[in-house]
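One structure is given here, and the rest of the page talks about it.
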Amino acid sequence: MSRLALVLVLVAACEHGQTPIEGAIVSPLREPCQGSAPTMCMIMVPDQKPMERLFFGIDGFSHRWGIESEITFRRERVDPPPIDGSSENIILLDVIAENPIITAPFDLTFPFGGGWFAGSGTQLDMVGTTVQCELTLCEQIRSASDTGTQFIVTMELTDDDQTLRATAFTTF
């Protein structure tokens with residue numbers, strides 16, 4: 001969608017009492033964040049606005065590790081908001097572009113508090129994302145997660161954009 005077309009849609013939406021259509025870039029990475037439970041927050045940078053960490057994601061959007069997405073969306077008020085929930089829903093309208101950005105290994109820093117990883121063996125679940133690792137490394141990661149220690153895991157992408165591979169582990 002061209003910038004002019006987006007502006008015209010925004011003006012038309014405002015005239016009819018709808019919430020405005022916004023544009024944003026969604027980061028190719030998610031980051032650990034703590035709400036009422038551990039989660040992997042999406043990072044979104046709306047046009048001309050500061051970065052936002054999204055605990056509850058974007059309705060209709062499926063994050064893909066390593067892929068930066070340019071989107072249009074609309075905000076919808078939630079009244080009353082649920083306990084420990086957001087006061088607004090972010091609703092995907094369109095994915096304008098998707099670009100593979102991350103190719104090198106990257107670090108994820110996990111804050112104090114447990115529950116980041118579940119599972120055993122050479123495959124773990126990181127709050128909804130599959131993580132593959134060598135047995136010893138998986139055991140170290142799971143132990144740190146279970147004890148609530150602050151730690152860093154170096155990850156790399158796999159051929160599946162919903163699966164990561166852990167390659168290194170460090171505690172503070």
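Simple scheme: letters A, B, ... for chains in structure tokens order, numbers from 1 for residues in each chain, numbers from 1 for ligands in the order shown.
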For region 45-57 of chain A, work out the shell of residues within 10 Å, counting only C-alpha atoms and skipping chain neighbours fewer than 3 positions away, then give it as a ChimeraX atom specification. /A:22-27,30-35,38-42,60-63,70-73,85-86,88-91
Write the residues of the preceding selection, restricted to C-alpha atoms, as a PDB file, in the first residue's frame.
ATOM      1  CA  GLU A  22      -1.504   2.658  11.638  1.00  0.00           C
ATOM      2  CA  GLY A  23       1.657   1.255  10.103  1.00  0.00           C
ATOM      3  CA  ALA A  24       4.536  -0.451  11.921  1.00  0.00           C
ATOM      4  CA  ILE A  25       7.601  -2.633  11.652  1.00  0.00           C
ATOM      5  CA  VAL A  26       7.535  -5.881  13.666  1.00  0.00           C
ATOM      6  CA  SER A  27      10.986  -7.007  14.815  1.00  0.00           C
ATOM      7  CA  ARG A  30      10.983 -11.534  20.224  1.00  0.00           C
ATOM      8  CA  GLU A  31      12.315 -10.971  23.712  1.00  0.00           C
ATOM      9  CA  PRO A  32      11.628 -12.461  27.111  1.00  0.00           C
ATOM     10  CA  CYS A  33       9.296 -10.313  29.189  1.00  0.00           C
ATOM     11  CA  GLN A  34       7.535 -10.896  32.461  1.00  0.00           C
ATOM     12  CA  GLY A  35       3.870 -10.186  33.083  1.00  0.00           C
ATOM     13  CA  PRO A  38       6.755 -15.479  31.391  1.00  0.00           C
ATOM     14  CA  THR A  39       6.121 -14.702  27.734  1.00  0.00           C
ATOM     15  CA  MET A  40       8.045 -13.830  24.586  1.00  0.00           C
ATOM     16  CA  CYS A  41       7.003 -10.290  23.649  1.00  0.00           C
ATOM     17  CA  MET A  42       6.782  -9.104  20.071  1.00  0.00           C
ATOM     18  CA  GLY A  60      -4.283 -12.238  12.984  1.00  0.00           C
ATOM     19  CA  PHE A  61      -0.469 -12.007  12.856  1.00  0.00           C
ATOM     20  CA  SER A  62       1.924 -14.935  13.277  1.00  0.00           C
ATOM     21  CA  HIS A  63       5.471 -13.895  14.206  1.00  0.00           C
ATOM     22  CA  GLU A  70       5.938  -4.241   7.745  1.00  0.00           C
ATOM     23  CA  ILE A  71       2.249  -4.192   8.658  1.00  0.00           C
ATOM     24  CA  THR A  72      -0.847  -2.043   8.892  1.00  0.00           C
ATOM     25  CA  PHE A  73      -3.095  -2.455  11.916  1.00  0.00           C
ATOM     26  CA  GLY A  85      -4.810  -8.123  30.250  1.00  0.00           C
ATOM     27  CA  SER A  86      -4.396  -5.322  27.765  1.00  0.00           C
ATOM     28  CA  GLU A  88      -6.551  -2.623  23.727  1.00  0.00           C
ATOM     29  CA  ASN A  89      -6.371  -5.255  21.006  1.00  0.00           C
ATOM     30  CA  ILE A  90      -4.048  -4.726  18.075  1.00  0.00           C
ATOM     31  CA  ILE A  91      -5.650  -6.130  14.937  1.00  0.00           C
TER      32      ILE A  91
END
With region 104-125 of chain A as the partner and 8 Å as the cut-off, tabulate the residues of region 143-170 of chain A that qualify, each row holding the nearest pair of atoms and their distance in Å to one decimal, using only C-alpha atoms, sorted by chain and rising number, as CSV.
residue,atom,partner,partner_atom,distance
A:Ala144,CA,A:Gly114,CA,7.8
A:Ser145,CA,A:Gly114,CA,4.9
A:Asp146,CA,A:Gly114,CA,5.2
A:Thr147,CA,A:Gly114,CA,6.1
A:Gly148,CA,A:Gly113,CA,4.1
A:Thr149,CA,A:Phe112,CA,5.3
A:Gln150,CA,A:Phe112,CA,4.6
A:Phe151,CA,A:Phe110,CA,5.3
A:Ile152,CA,A:Thr109,CA,4.4
A:Val153,CA,A:Leu108,CA,5.4
A:Thr154,CA,A:Asp107,CA,4.3
A:Met155,CA,A:Phe106,CA,5.4
A:Glu156,CA,A:Pro105,CA,4.5
A:Leu157,CA,A:Pro105,CA,7.4
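Remark: for Arg77 (chain A), the closest of the candidate residues A:Thr171, A:Gln140, A:Thr19, A:Gln162 is A:Thr19 (distances computed over only C-alpha atoms).
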Test item, alpha helix (DSSP H) assignment across chain A, answer as a list in words: Arg3, Leu4, Ala5, Leu6, Val7, Leu8, Val9, Leu10, Val11, Ala12, Ala13, Cys14, Glu15, Leu135, Thr136, Leu137, Cys138, Glu139, Gln140, Ile141, Arg142, Ser143, Ala144, Ser145, Asp146 and Thr147 of chain A
Can I get the selected residues back with C-alpha atoms, as a PDB file, in the first residue's frame?
ATOM      1  CA  ARG A   3       1.911   6.114   1.619  1.00  0.00           C
ATOM      2  CA  LEU A   4      -0.702   8.279  -0.174  1.00  0.00           C
ATOM      3  CA  ALA A   5      -3.241   5.454  -0.170  1.00  0.00           C
ATOM      4  CA  LEU A   6      -2.548   4.838   3.516  1.00  0.00           C
ATOM      5  CA  VAL A   7      -3.126   8.530   4.330  1.00  0.00           C
ATOM      6  CA  LEU A   8      -6.432   8.509   2.408  1.00  0.00           C
ATOM      7  CA  VAL A   9      -7.583   5.391   4.262  1.00  0.00           C
ATOM      8  CA  LEU A  10      -6.610   7.004   7.595  1.00  0.00           C
ATOM      9  CA  VAL A  11      -8.619  10.135   6.818  1.00  0.00           C
ATOM     10  CA  ALA A  12     -11.640   8.116   5.707  1.00  0.00           C
ATOM     11  CA  ALA A  13     -11.482   5.934   8.825  1.00  0.00           C
ATOM     12  CA  CYS A  14     -11.331   8.949  11.136  1.00  0.00           C
ATOM     13  CA  GLU A  15     -14.306  10.576   9.414  1.00  0.00           C
ATOM     14  CA  LEU A 135      21.410 -32.766  25.605  1.00  0.00           C
ATOM     15  CA  THR A 136      23.894 -31.166  28.044  1.00  0.00           C
ATOM     16  CA  LEU A 137      23.040 -27.657  26.851  1.00  0.00           C
ATOM     17  CA  CYS A 138      19.293 -28.336  27.088  1.00  0.00           C
ATOM     18  CA  GLU A 139      19.775 -29.602  30.659  1.00  0.00           C
ATOM     19  CA  GLN A 140      21.701 -26.433  31.632  1.00  0.00           C
ATOM     20  CA  ILE A 141      19.041 -24.184  30.110  1.00  0.00           C
ATOM     21  CA  ARG A 142      16.189 -26.085  31.754  1.00  0.00           C
ATOM     22  CA  SER A 143      17.957 -26.046  35.151  1.00  0.00           C
ATOM     23  CA  ALA A 144      18.496 -22.260  35.013  1.00  0.00           C
ATOM     24  CA  SER A 145      14.874 -21.760  33.969  1.00  0.00           C
ATOM     25  CA  ASP A 146      13.606 -23.999  36.786  1.00  0.00           C
ATOM     26  CA  THR A 147      15.669 -22.225  39.474  1.00  0.00           C
TER      27      THR A 147
END
Enter the distance from CA of Ile43 (chain A) to CA of Glu68 (chain A), in Å, rounded to one decimal. 10.2 Å
If you run DSSP on the backbone here, which positions in chain A get strand (DSSP E)? Please write them as JSON, numbers by chain. {"A": [21, 22, 23, 24, 25, 26, 27, 28, 29, 30, 31, 32, 33, 34, 38, 39, 40, 41, 42, 43, 44, 45, 46, 52, 53, 54, 67, 68, 69, 70, 71, 72, 73, 74, 75, 76, 77, 88, 89, 90, 91, 92, 93, 94, 95, 96, 97, 98, 99, 100, 106, 107, 108, 109, 110, 117, 118, 119, 120, 123, 124, 125, 126, 129, 130, 131, 132, 151, 152, 153, 154, 155, 156, 157, 163, 164, 165, 166, 167, 168, 169, 170, 171]}
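For the atom pair formed by CA of Ile21 (chain A) and CA of Ile83 (chain A), the distance is 26.9 Å, given to one decimal.
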Residue nearest Leu92 (chain A) - candidates A:Asp79, A:Ile58, A:Gly66, A:Pro28, atoms counted: only C-alpha atoms: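 Answer, going by the shortest atom-to-atom distance: A:Ile58.
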Determine the nearest neighbour of Glu98 (chain A) from the options A:Trp65, A:Arg75, A:Ala166, A:Val127, counting only C-alpha atoms.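 Looking at the shortest contact to Glu98 (chain A), the residue is A:Trp65.
In this model, the gap between CA of Thr129 (chain A) and CA of Thr163 (chain A) comes to 6.1 Å.
Ranking A:Gln18, A:Thr170, A:Ile67, A:Glu76 by their shortest atom-to-atom distance to Pro100 (chain A), with only C-alpha atoms included, puts A:Ile67 first.
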